[in-house]
$ cat target-v8.cif   # mmCIF, C-alpha atoms
data_target
loop_
_atom_site.label_atom_id
_atom_site.label_comp_id
_atom_site.auth_asym_id
_atom_site.auth_seq_id
_atom_site.Cartn_x
_atom_site.Cartn_y
_atom_site.Cartn_z
CA MET A 30 -73.66 68.03 -31.19
CA VAL A 31 -70.18 66.80 -30.23
CA ILE A 32 -70.72 63.59 -32.18
CA LEU A 33 -71.92 65.58 -35.17
CA LEU A 34 -68.91 67.89 -35.03
CA ALA A 35 -66.53 64.95 -34.77
CA TYR A 36 -68.21 63.20 -37.67
CA ALA A 37 -68.28 66.34 -39.82
CA GLY A 38 -64.59 66.88 -39.11
CA TRP A 39 -63.78 63.31 -39.98
CA ARG A 40 -65.72 63.46 -43.24
CA PHE A 41 -64.25 66.83 -44.13
CA PHE A 42 -60.69 65.83 -43.52
CA SER A 43 -60.86 62.32 -44.97
CA PRO A 44 -63.35 62.50 -47.82
CA ALA A 45 -62.21 59.48 -49.72
CA SER A 46 -59.15 57.70 -48.60
CA PRO A 47 -57.68 56.53 -45.35
CA TYR A 48 -54.23 56.25 -46.88
CA SER A 49 -51.43 58.50 -45.83
CA GLY A 50 -50.33 60.91 -48.47
CA THR A 51 -53.82 61.20 -49.89
CA THR A 52 -54.14 64.24 -52.07
CA SER A 53 -57.63 63.74 -53.40
CA MET A 54 -58.84 66.73 -51.47
CA ILE A 55 -58.68 69.84 -53.53
CA THR A 56 -57.01 72.83 -52.01
CA SER A 57 -56.67 76.37 -53.20
CA SER A 58 -53.85 76.14 -55.68
CA MET A 59 -54.33 74.49 -59.02
CA VAL A 60 -51.27 72.32 -58.64
CA SER A 61 -52.53 70.80 -55.45
CA MET A 62 -56.01 70.45 -56.88
CA VAL A 63 -55.06 67.29 -58.67
CA GLY A 64 -53.47 64.56 -56.65
CA THR A 65 -51.47 61.70 -57.99
CA SER A 66 -53.11 58.37 -57.52
CA SER A 67 -49.93 56.55 -56.61
CA TYR A 68 -50.77 56.69 -52.97
CA GLY A 69 -48.01 56.73 -50.42
CA SER A 70 -48.52 53.47 -48.68
CA SER A 71 -50.45 51.60 -46.14
CA SER A 72 -47.89 49.96 -43.96
CA SER A 73 -48.43 47.02 -41.78
CA ALA A 74 -46.71 47.64 -38.48
CA SER A 75 -47.16 44.11 -37.24
CA SER A 76 -45.58 42.42 -40.23
CA GLY A 77 -43.09 45.19 -40.84
CA THR A 78 -43.92 45.16 -44.54
CA THR A 79 -45.00 48.09 -46.63
CA SER A 80 -47.46 47.65 -49.48
CA THR A 81 -48.16 50.29 -52.07
CA PHE A 82 -51.73 50.69 -53.23
CA ASN A 83 -51.98 52.26 -56.63
CA LEU A 84 -55.53 53.56 -56.72
CA ALA A 85 -55.68 54.46 -60.41
CA ALA A 86 -54.23 51.14 -61.53
CA SER A 87 -56.58 49.20 -59.26
CA LEU A 88 -59.64 51.14 -60.44
CA LEU A 89 -58.79 50.63 -64.10
CA ALA A 90 -57.88 46.95 -63.73
CA GLY A 91 -60.01 44.23 -65.26
CA SER A 92 -62.77 44.94 -67.72
CA PRO A 93 -65.61 46.65 -65.83
CA PRO A 94 -68.65 47.90 -67.75
CA THR A 95 -67.60 51.06 -69.55
CA LEU A 96 -69.66 53.70 -71.32
CA GLY A 97 -67.99 55.93 -73.89
CA SER A 98 -64.92 56.01 -76.06
CA ALA A 99 -61.97 53.84 -75.06
CA ASN A 100 -59.70 56.72 -76.14
CA ALA A 101 -61.23 59.26 -73.73
CA SER A 102 -58.47 60.83 -71.69
CA VAL A 103 -60.39 60.83 -68.40
CA THR A 104 -62.02 57.78 -66.81
CA ILE A 105 -64.82 58.34 -64.31
CA VAL A 106 -65.19 55.31 -62.04
CA GLU A 107 -68.49 55.31 -60.20
CA PHE A 108 -69.00 53.21 -57.08
CA GLY A 109 -72.70 52.78 -56.34
CA ASP A 110 -75.47 50.59 -55.06
CA TYR A 111 -78.63 50.15 -57.13
CA GLN A 112 -80.71 50.51 -53.97
CA CYS A 113 -78.96 53.65 -52.72
CA PRO A 114 -81.37 56.61 -52.94
CA THR A 115 -78.57 59.15 -53.45
CA CYS A 116 -77.22 57.07 -56.36
CA GLY A 117 -80.73 56.97 -57.83
CA GLY A 118 -81.15 60.69 -57.29
CA TRP A 119 -77.82 61.42 -58.96
CA TYR A 120 -78.68 59.12 -61.89
CA ASN A 121 -82.06 60.75 -62.41
CA THR A 122 -80.85 64.34 -62.21
CA GLN A 123 -77.21 64.38 -63.36
CA GLU A 124 -76.19 61.34 -65.36
CA ALA A 125 -77.93 62.35 -68.59
CA SER A 126 -76.11 65.70 -68.72
CA LEU A 127 -72.83 64.04 -67.78
CA VAL A 128 -73.26 61.57 -70.66
CA GLN A 129 -74.20 64.38 -73.01
CA ASN A 130 -71.39 66.78 -72.05
CA LEU A 131 -68.52 64.48 -71.18
CA ILE A 132 -69.12 60.96 -72.49
CA ASP A 133 -70.69 61.69 -75.88
CA THR A 134 -68.09 64.38 -76.57
CA GLY A 135 -65.26 61.89 -75.96
CA LYS A 136 -63.78 63.83 -73.04
CA ALA A 137 -64.41 61.04 -70.56
CA LYS A 138 -65.67 57.51 -70.20
CA LEU A 139 -67.82 56.17 -67.37
CA VAL A 140 -67.02 52.94 -65.55
CA TRP A 141 -69.42 51.25 -63.12
CA ARG A 142 -68.30 49.35 -60.03
CA ASP A 143 -70.72 47.95 -57.48
CA PHE A 144 -70.50 48.86 -53.84
CA ASP A 145 -73.42 46.86 -52.50
CA TYR A 146 -74.24 47.44 -48.85
CA TYR A 147 -77.99 48.01 -48.71
CA GLY A 148 -78.82 44.32 -48.58
CA PRO A 149 -79.19 41.12 -50.59
CA ASP A 150 -81.39 42.81 -53.21
CA SER A 151 -78.48 45.12 -54.06
CA VAL A 152 -76.30 42.10 -54.83
CA SER A 153 -79.10 40.52 -56.88
CA ALA A 154 -79.46 43.75 -58.86
CA SER A 155 -75.72 43.76 -59.59
CA GLU A 156 -75.82 40.11 -60.68
CA ALA A 157 -78.78 40.80 -62.96
CA ALA A 158 -77.02 43.80 -64.52
CA TYR A 159 -73.95 41.67 -65.27
CA ALA A 160 -76.15 38.91 -66.66
CA ALA A 161 -77.74 41.51 -68.95
CA GLY A 162 -74.23 42.71 -69.77
CA ALA A 163 -73.38 39.22 -71.03
CA GLN A 164 -75.98 39.92 -73.72
CA GLY A 165 -74.57 43.39 -74.40
CA LYS A 166 -77.23 45.26 -72.42
CA PHE A 167 -75.50 46.19 -69.19
CA TRP A 168 -76.15 49.93 -69.45
CA GLN A 169 -79.75 49.49 -70.54
CA PHE A 170 -80.35 47.30 -67.48
CA HIS A 171 -78.44 49.77 -65.29
CA ASP A 172 -80.75 52.56 -66.56
CA LEU A 173 -83.84 50.44 -66.00
CA LEU A 174 -82.83 49.72 -62.40
CA PHE A 175 -82.31 53.36 -61.50
CA GLN A 176 -85.44 54.44 -63.35
CA ASN A 177 -87.46 51.95 -61.31
CA GLN A 178 -85.73 52.49 -57.98
CA GLN A 179 -87.95 52.58 -54.91
CA ALA A 180 -87.33 52.45 -51.15
CA PRO A 181 -84.38 50.19 -50.25
CA ASN A 182 -85.25 46.57 -49.48
CA GLY A 183 -88.89 47.18 -50.35
CA GLY A 184 -88.91 44.33 -52.86
CA TRP A 185 -88.58 46.35 -56.07
CA ALA A 186 -85.19 44.69 -56.73
CA SER A 187 -86.28 41.18 -55.72
CA ARG A 188 -85.06 38.37 -57.95
CA GLN A 189 -88.55 37.98 -59.44
CA ASN A 190 -88.73 41.66 -60.35
CA LEU A 191 -85.23 41.61 -61.81
CA VAL A 192 -86.31 38.79 -64.11
CA LYS A 193 -89.26 40.96 -65.16
CA PHE A 194 -86.86 43.82 -65.97
CA ALA A 195 -84.84 41.42 -68.11
CA GLU A 196 -88.00 40.39 -69.97
CA GLN A 197 -88.83 44.05 -70.47
CA LEU A 198 -85.46 44.55 -72.19
CA GLY A 199 -86.16 41.63 -74.51
CA LEU A 200 -83.22 39.54 -73.31
CA ASN A 201 -82.85 35.86 -74.09
CA MET A 202 -84.43 34.62 -70.88
CA THR A 203 -82.92 31.14 -70.91
CA GLU A 204 -79.43 32.61 -71.09
CA PHE A 205 -80.28 35.35 -68.61
CA ASN A 206 -81.71 33.00 -65.98
CA GLN A 207 -78.78 30.63 -66.32
CA ASP A 208 -76.31 33.48 -65.93
CA PHE A 209 -78.26 35.24 -63.19
CA ASN A 210 -78.46 32.13 -61.03
CA SER A 211 -74.97 30.83 -61.75
CA GLY A 212 -73.14 32.77 -59.04
CA ASN A 213 -70.51 33.63 -61.68
CA TYR A 214 -70.49 37.30 -60.70
CA ASP A 215 -70.12 36.83 -56.93
CA SER A 216 -66.35 37.19 -56.97
CA LEU A 217 -66.52 40.30 -59.20
CA ILE A 218 -69.09 41.92 -56.89
CA ASN A 219 -67.02 41.05 -53.83
CA SER A 220 -63.79 42.32 -55.35
CA ASN A 221 -65.49 45.58 -56.34
CA HIS A 222 -66.64 46.01 -52.74
CA SER A 223 -63.15 45.28 -51.43
CA LEU A 224 -61.70 47.76 -53.89
CA GLY A 225 -64.16 50.39 -52.69
CA VAL A 226 -63.19 49.76 -49.08
CA GLN A 227 -59.50 49.96 -50.04
CA ALA A 228 -60.15 53.21 -51.88
CA GLY A 229 -61.66 54.60 -48.68
CA ILE A 230 -65.25 55.08 -49.80
CA THR A 231 -67.39 56.61 -47.07
CA GLU A 232 -70.58 57.12 -49.06
CA THR A 233 -72.24 56.27 -52.34
CA PRO A 234 -72.09 57.36 -55.04
CA THR A 235 -68.37 58.07 -55.00
CA PHE A 236 -66.59 58.88 -58.25
CA PHE A 237 -62.89 58.62 -58.96
CA LEU A 238 -61.82 60.65 -61.97
CA ILE A 239 -58.55 59.42 -63.39
CA GLY A 240 -56.85 61.64 -65.89
CA PRO A 241 -53.86 61.17 -68.16
CA ASN A 242 -50.71 60.31 -66.21
CA GLY A 243 -52.78 58.75 -63.44
CA LYS A 244 -53.82 62.04 -61.87
CA GLU A 245 -56.92 61.54 -59.77
CA VAL A 246 -59.78 63.58 -58.34
CA THR A 247 -62.42 62.17 -56.01
CA ILE A 248 -66.01 63.36 -56.05
CA ALA A 249 -67.97 61.97 -53.12
CA GLY A 250 -71.74 62.18 -52.97
CA GLY A 251 -74.42 63.22 -55.41
CA GLN A 252 -72.67 66.32 -56.71
CA PRO A 253 -73.92 68.32 -59.68
CA GLU A 254 -72.66 67.60 -63.18
CA SER A 255 -70.88 70.96 -63.37
CA VAL A 256 -68.39 69.70 -60.75
CA PHE A 257 -67.47 66.81 -63.06
CA GLU A 258 -66.93 69.18 -65.98
CA GLN A 259 -64.69 71.35 -63.83
CA ALA A 260 -62.69 68.35 -62.61
CA VAL A 261 -62.30 66.90 -66.11
CA ALA A 262 -61.09 70.29 -67.38
CA GLN A 263 -58.65 70.45 -64.48
CA LEU A 264 -57.29 66.95 -65.07
CA THR A 265 -56.79 67.49 -68.78
CA SER A 266 -55.27 70.95 -68.43
CA VAL A 267 -52.73 69.86 -65.81
CA SER A 268 -51.48 67.08 -68.06
CA MET B 13 -96.38 92.79 -22.42
CA PRO B 14 -94.12 90.91 -24.93
CA SER B 15 -93.78 87.16 -24.52
CA PRO B 16 -90.53 85.97 -22.91
CA ILE B 17 -89.19 84.61 -26.22
CA VAL B 18 -89.69 87.96 -27.97
CA ASP B 19 -88.13 89.64 -24.97
CA THR B 20 -85.10 87.32 -25.23
CA PHE B 21 -84.33 88.22 -28.80
CA ARG B 22 -84.73 91.94 -28.19
CA ASP B 23 -81.48 91.61 -26.32
CA THR B 24 -78.59 91.78 -28.82
CA LYS B 25 -76.32 89.50 -26.81
CA TYR B 26 -78.77 86.61 -27.18
CA VAL B 27 -79.03 87.24 -30.92
CA ILE B 28 -75.23 87.19 -31.09
CA PHE B 29 -75.29 83.91 -29.15
CA ALA B 30 -77.90 82.34 -31.47
CA VAL B 31 -76.33 83.26 -34.83
CA PRO B 32 -73.24 80.98 -34.56
CA ILE B 33 -75.51 78.10 -33.50
CA VAL B 34 -77.65 78.61 -36.61
CA VAL B 35 -74.58 78.83 -38.85
CA ALA B 36 -72.66 75.88 -37.37
CA TYR B 37 -75.64 73.55 -37.09
CA GLY B 38 -77.00 74.65 -40.48
CA VAL B 39 -73.70 73.97 -42.24
CA MET B 40 -73.54 70.52 -40.63
CA LEU B 41 -77.07 69.60 -41.62
CA PHE B 42 -76.59 70.88 -45.16
CA PHE B 43 -73.36 68.91 -45.35
CA PHE B 44 -75.02 65.68 -44.17
CA ASP B 45 -77.91 66.20 -46.57
CA GLN B 46 -75.50 66.88 -49.42
CA PHE B 47 -76.51 70.45 -50.12
CA ILE B 48 -72.96 71.59 -49.36
CA PHE B 49 -69.81 69.88 -50.61
CA PHE B 50 -66.33 70.90 -49.56
CA ALA B 51 -64.39 68.71 -51.99
CA PRO B 52 -63.20 68.73 -54.70
CA TYR B 53 -64.61 72.27 -54.86
CA PHE B 54 -66.84 74.14 -52.50
CA THR B 55 -70.31 73.62 -53.95
CA PHE B 56 -73.79 74.54 -52.78
CA TYR B 57 -76.38 72.60 -54.70
CA VAL B 58 -80.05 71.88 -54.07
CA PRO B 59 -81.62 69.30 -56.38
CA SER B 60 -85.31 69.81 -57.10
CA SER B 61 -86.10 66.73 -54.98
CA GLY B 62 -84.23 68.23 -52.03
CA VAL B 63 -86.17 71.48 -51.56
CA TRP B 64 -88.46 70.05 -48.87
CA ASN B 65 -85.48 68.68 -46.96
CA LEU B 66 -83.70 72.03 -47.22
CA VAL B 67 -86.73 73.80 -45.73
CA LEU B 68 -86.86 71.26 -42.88
CA ASP B 69 -83.14 71.64 -42.22
CA THR B 70 -83.49 75.42 -42.06
CA LEU B 71 -86.45 75.22 -39.68
CA LEU B 72 -84.75 72.63 -37.51
CA THR B 73 -81.62 74.76 -37.30
CA THR B 74 -83.56 77.89 -36.40
CA LEU B 75 -85.68 76.12 -33.79
CA THR B 76 -82.62 74.52 -32.19
CA ALA B 77 -80.90 77.89 -31.88
CA LEU B 78 -84.09 79.46 -30.47
CA VAL B 79 -84.54 76.75 -27.86
CA LEU B 80 -80.90 76.70 -26.77
CA THR B 81 -80.67 80.48 -26.46
CA PHE B 82 -84.05 80.80 -24.78
CA SER B 83 -83.24 78.01 -22.31
CA ILE B 84 -79.96 79.59 -21.33
CA ARG B 85 -81.60 82.98 -20.84
CA GLN B 86 -84.32 81.46 -18.67
CA MET B 87 -81.74 79.65 -16.58
CA LEU B 88 -79.70 82.81 -16.12
CA LEU B 89 -82.70 84.94 -15.24
CA GLN B 90 -84.29 82.51 -12.88
CA ARG B 91 -81.29 81.14 -11.07
CA GLY B 92 -82.40 79.98 -7.69
CA SER B 93 -86.07 79.48 -8.48
CA GLY B 94 -85.98 75.71 -8.95
CA GLY B 95 -88.98 75.13 -11.21
CA ALA B 96 -88.09 77.62 -13.91
CA SER B 97 -84.47 76.49 -14.03
CA LYS B 98 -85.63 72.93 -14.51
CA THR B 99 -87.57 74.05 -17.58
CA GLY B 100 -84.39 75.69 -18.89
CA VAL B 101 -82.47 72.43 -18.47
CA LEU B 102 -85.32 70.52 -20.13
CA GLY B 103 -85.13 72.97 -23.05
CA ILE B 104 -81.44 72.28 -23.47
CA VAL B 105 -82.04 68.54 -23.29
CA ALA B 106 -84.80 68.87 -25.92
CA ALA B 107 -82.45 70.82 -28.19
CA ILE B 108 -79.73 68.20 -27.80
CA VAL B 109 -82.12 65.32 -28.47
CA ALA B 110 -83.62 67.08 -31.49
CA GLY B 111 -80.17 68.10 -32.67
CA ALA B 112 -78.97 64.53 -32.46
CA CYS B 113 -81.52 63.35 -35.02
CA PRO B 114 -79.11 63.69 -37.93
CA CYS B 115 -76.91 61.12 -36.19
CA TYR B 116 -78.75 58.55 -38.26
CA TYR B 117 -76.18 59.36 -40.91
CA LEU B 118 -73.49 57.80 -38.78
CA VAL B 119 -74.94 54.33 -38.80
CA PRO B 120 -75.16 53.65 -42.55
CA LEU B 121 -71.78 55.30 -42.85
CA LEU B 122 -70.30 52.74 -40.50
CA ALA B 123 -72.07 50.04 -42.46
CA VAL B 124 -70.45 51.39 -45.63
CA ALA B 125 -67.07 51.28 -43.98
CA GLY B 126 -67.73 47.65 -43.22
CA ALA B 127 -67.14 48.39 -39.57
CA ILE B 128 -70.39 46.97 -38.28
CA GLY B 129 -72.89 46.10 -40.99
CA GLY B 130 -75.67 43.73 -39.98
CA THR B 131 -78.51 44.92 -37.80
CA LEU B 132 -77.08 48.32 -36.89
CA GLY B 133 -76.45 49.08 -40.55
CA ALA B 134 -80.01 48.06 -41.40
CA VAL B 135 -81.36 50.32 -38.63
CA GLY B 136 -79.29 53.19 -39.98
CA ILE B 137 -80.56 52.63 -43.51
CA LEU B 138 -84.13 52.53 -42.20
CA LEU B 139 -83.62 55.78 -40.27
CA ASN B 140 -82.02 57.35 -43.30
CA THR B 141 -85.03 56.38 -45.38
CA PHE B 142 -87.39 57.99 -42.88
CA GLN B 143 -85.35 61.12 -42.29
CA ILE B 144 -88.23 63.51 -43.05
CA PRO B 145 -90.59 62.08 -40.38
CA ILE B 146 -87.65 62.04 -37.92
CA LYS B 147 -86.93 65.69 -38.61
CA LEU B 148 -90.61 66.54 -38.22
CA ALA B 149 -90.67 64.76 -34.85
CA ALA B 150 -87.54 66.67 -33.78
CA MET B 151 -89.23 69.93 -34.76
CA LEU B 152 -92.34 69.04 -32.75
CA LEU B 153 -90.15 68.41 -29.72
CA LEU B 154 -88.52 71.81 -30.15
CA VAL B 155 -91.85 73.60 -30.60
CA PHE B 156 -93.09 71.93 -27.41
CA ALA B 157 -89.91 73.05 -25.62
CA ILE B 158 -90.49 76.65 -26.76
CA TYR B 159 -94.09 76.47 -25.52
CA LYS B 160 -93.02 75.18 -22.10
CA LEU B 161 -90.19 77.69 -21.80
CA ASN B 162 -92.45 80.54 -22.81
CA LYS B 163 -94.99 79.47 -20.23
CA SER B 164 -92.40 79.17 -17.49
CA GLY B 165 -90.99 82.60 -18.35
CA VAL B 166 -94.21 84.46 -17.53
CA CYS B 167 -94.03 85.89 -13.99
CA LYS B 168 -96.79 84.59 -11.78
CA VAL B 169 -97.60 86.41 -8.53
CA ARG B 170 -99.56 84.37 -6.09
CA VAL B 171 -101.72 86.50 -3.80
CA PRO B 172 -102.85 84.60 -0.70
CA ALA B 173 -106.61 84.15 -0.64
CA GLN B 174 -106.73 85.47 2.92
CA SER B 175 -105.34 88.90 1.94
CA ILE B 176 -107.90 89.16 -0.88
CA ARG B 177 -110.72 88.53 1.62
CA GLN B 178 -109.26 91.13 3.92
CA ASN B 179 -109.17 93.69 1.12
CA HIS B 180 -112.81 93.00 0.33
CA ALA B 181 -113.80 93.36 4.01
CA ASN B 182 -112.08 96.74 4.16
#

$ encode --input "target-v8.cif" --output "structure tokens"
Amino acid sequence: MVILLAYAGWRFFSPASPYSGTTSMITSSMVSMVGTSSYGSSSSASSGTTSTFNLAASLLAGSPPTLGSANASVTIVEFGDYQCPTCGGWYNTQEASLVQNLIDTGKAKLVWRDFDYYGPDSVSASEAAYAAGAQGKFWQFHDLLFQNQQAPNGGWASRQNLVKFAEQLGLNMTEFNQDFNSGNYDSLINSNHSLGVQAGITETPTFFLIGPNGKEVTIAGGQPESVFEQAVAQLTSVS
Amino acid sequence: MPSPIVDTFRDTKYVIFAVPIVVAYGVMLFFFDQFIFFAPYFTFYVPSSGVWNLVLDTLLTTLTALVLTFSIRQMLLQRGSGGASKTGVLGIVAAIVAGACPCYYLVPLLAVAGAIGGTLGAVGILLNTFQIPIKLAAMLLLVFAIYKLNKSGVCKVRVPAQSIRQNHAN
């Protein structure tokens, strides 16, 4: 009971970020509901140096797979694991309405970043999705993975099965196999994981919603789509 | 004659004692199972796939509160009579063990944080996957505790065989 209370308190008071000055937690007033993503700092006492971690800039850096209009004012960055049951549950119950209400309407765009921790099959699934992405079918492969998700590490995301998924999508299999086995995506997968750790992820899926002017809201866990609509409205109205 | 458990909850002070346990433990379980979210907005949401888990959480919460309250009452009532007090302590232990079952959430969480990973993380993920059987086992333990407590709460008067014989002779 004591452990549970301590854990609940920890999760409640630090839902997304270990950094000082974190304002991702929404409080009662509207002004404080949206935190800036230029986080205070994480200082290194031993070296005496202070480094600033800009969450929004880090999340938007590079060219991660993105669904929706490039001009959308809000970016939703999802950190997930293809083997994570909560991520699968959220995909199967919420993602379609999120795409319909926020992505297709141009209010937001969805970015995927891997946070693989369930095991080697999670990493293989990420590699396969990127290999499919090289042929312009990242999101189709992403959908196929979540639609076929089963118990973690039960073999459904084995390398052989991932190849079968690629065949199912009608990908060029020579290119896919070459890409899939190349190890080209290892550094991207690792850097996404490091970014997630830096951002203070404590569960998957975790979503970072970045609005105009770098305002940021964190949604941790498999929350209903209505929460995303509310947060997007909040981010755009504050700006 | 009402059973000791019914008798316990006829007393308002035990009901008042049990309600905060139900609320506190229920909120924690709902939070772990992602039925309640505190950020960015307070949200209560039960996906269609989560109904069974919600029912189990509610039952587990209620049973835990019953066992804890009942155990404490038995211990208070039967202070001094060793056997019955032992049952009360066992009831509390059962409630703590059963209540600790959601701790499986801690292990994958630590794995996520990159703090431990490896075997412990894998164990946590496995436990998380089998959370429904674990909750069922915890409930069985609590039901057994209620049965034992109820049995120990019934007053037994032992009449020496000799005095019975004497009564018959008279």

$ resolve_selection --input "target-v8.cif" --expression "the PyMOL selection byres ((chain B and resi 71) around 12)" --output "PyMOL selection string"
chain B and resi 34+37-38+41+64-70+72-78+110-111+147-148+150-152+154-155

$ residues_near_point --input "target-v8.cif" --point "(-67.1, 66.2, -50.5)" --cutoff "6 Å" --atoms "all atoms listed in the file" --output "VMD selection string"
(chain A and resid 44 249) or (chain B and resid 49 to 51)

$ resolve_selection --input "target-v8.cif" --expression "the PyMOL selection byres ((chain A and resi 145-157) around 10)" --output "count of residues only"
59

$ atom_distance --input "target-v8.cif" --atom1 "CA of Thr265 in chain A" --atom2 "CA of Gly240 in chain A"
6.5 Å

$ atom_distance --input "target-v8.cif" --atom1 "CA of Arg85 in chain B" --atom2 "CA of Thr20 in chain B"
7.1 Å

$ atom_distance --input "target-v8.cif" --atom1 "CA of Gln123 in chain A" --atom2 "CA of Gln46 in chain B"
14.3 Å

$ closest_residue --input "target-v8.cif" --among "A:Gly165, A:Tyr120, A:Asp133, A:Asp172" --to "chain B" --atoms "all atoms listed in the file"
A:Tyr120

$ closest_residue --input "target-v8.cif" --among "B:Pro52, B:Gly62, B:Gly103, B:Pro145" --to "chain A" --atoms "only C-alpha atoms"
B:Pro52

$ resolve_selection --input "target-v8.cif" --expression "the PyMOL selection byres ((chain A and resi 107) around 12)" --output "ChimeraX atom specification"
/A:88-89,93-96,104-106,108-111,116,119-120,124,138-144,221,224-225,228,230,232-239,247-251,257

$ closest_residue --input "target-v8.cif" --among "A:Asn242, A:Asn100, A:Asn177, A:Gln263" --to "chain B" --atoms "only C-alpha atoms"
A:Gln263

$ residues_near_point --input "target-v8.cif" --point "(-78.3, 87.4, -25.5)" --cutoff "12 Å" --atoms "all atoms listed in the file" --output "VMD selection string"
chain B and resid 17 to 31 77 to 78 80 to 86 88 to 89

$ closest_residue --input "target-v8.cif" --among "B:Leu102, B:Ala149, B:Met87, B:Val58" --to "chain A" --atoms "all atoms listed in the file"
B:Val58

$ closest_residue --input "target-v8.cif" --among "A:Thr115, A:Gln169, A:Ser98, A:Thr203" --to "chain B" --atoms "all atoms listed in the file"
A:Thr115
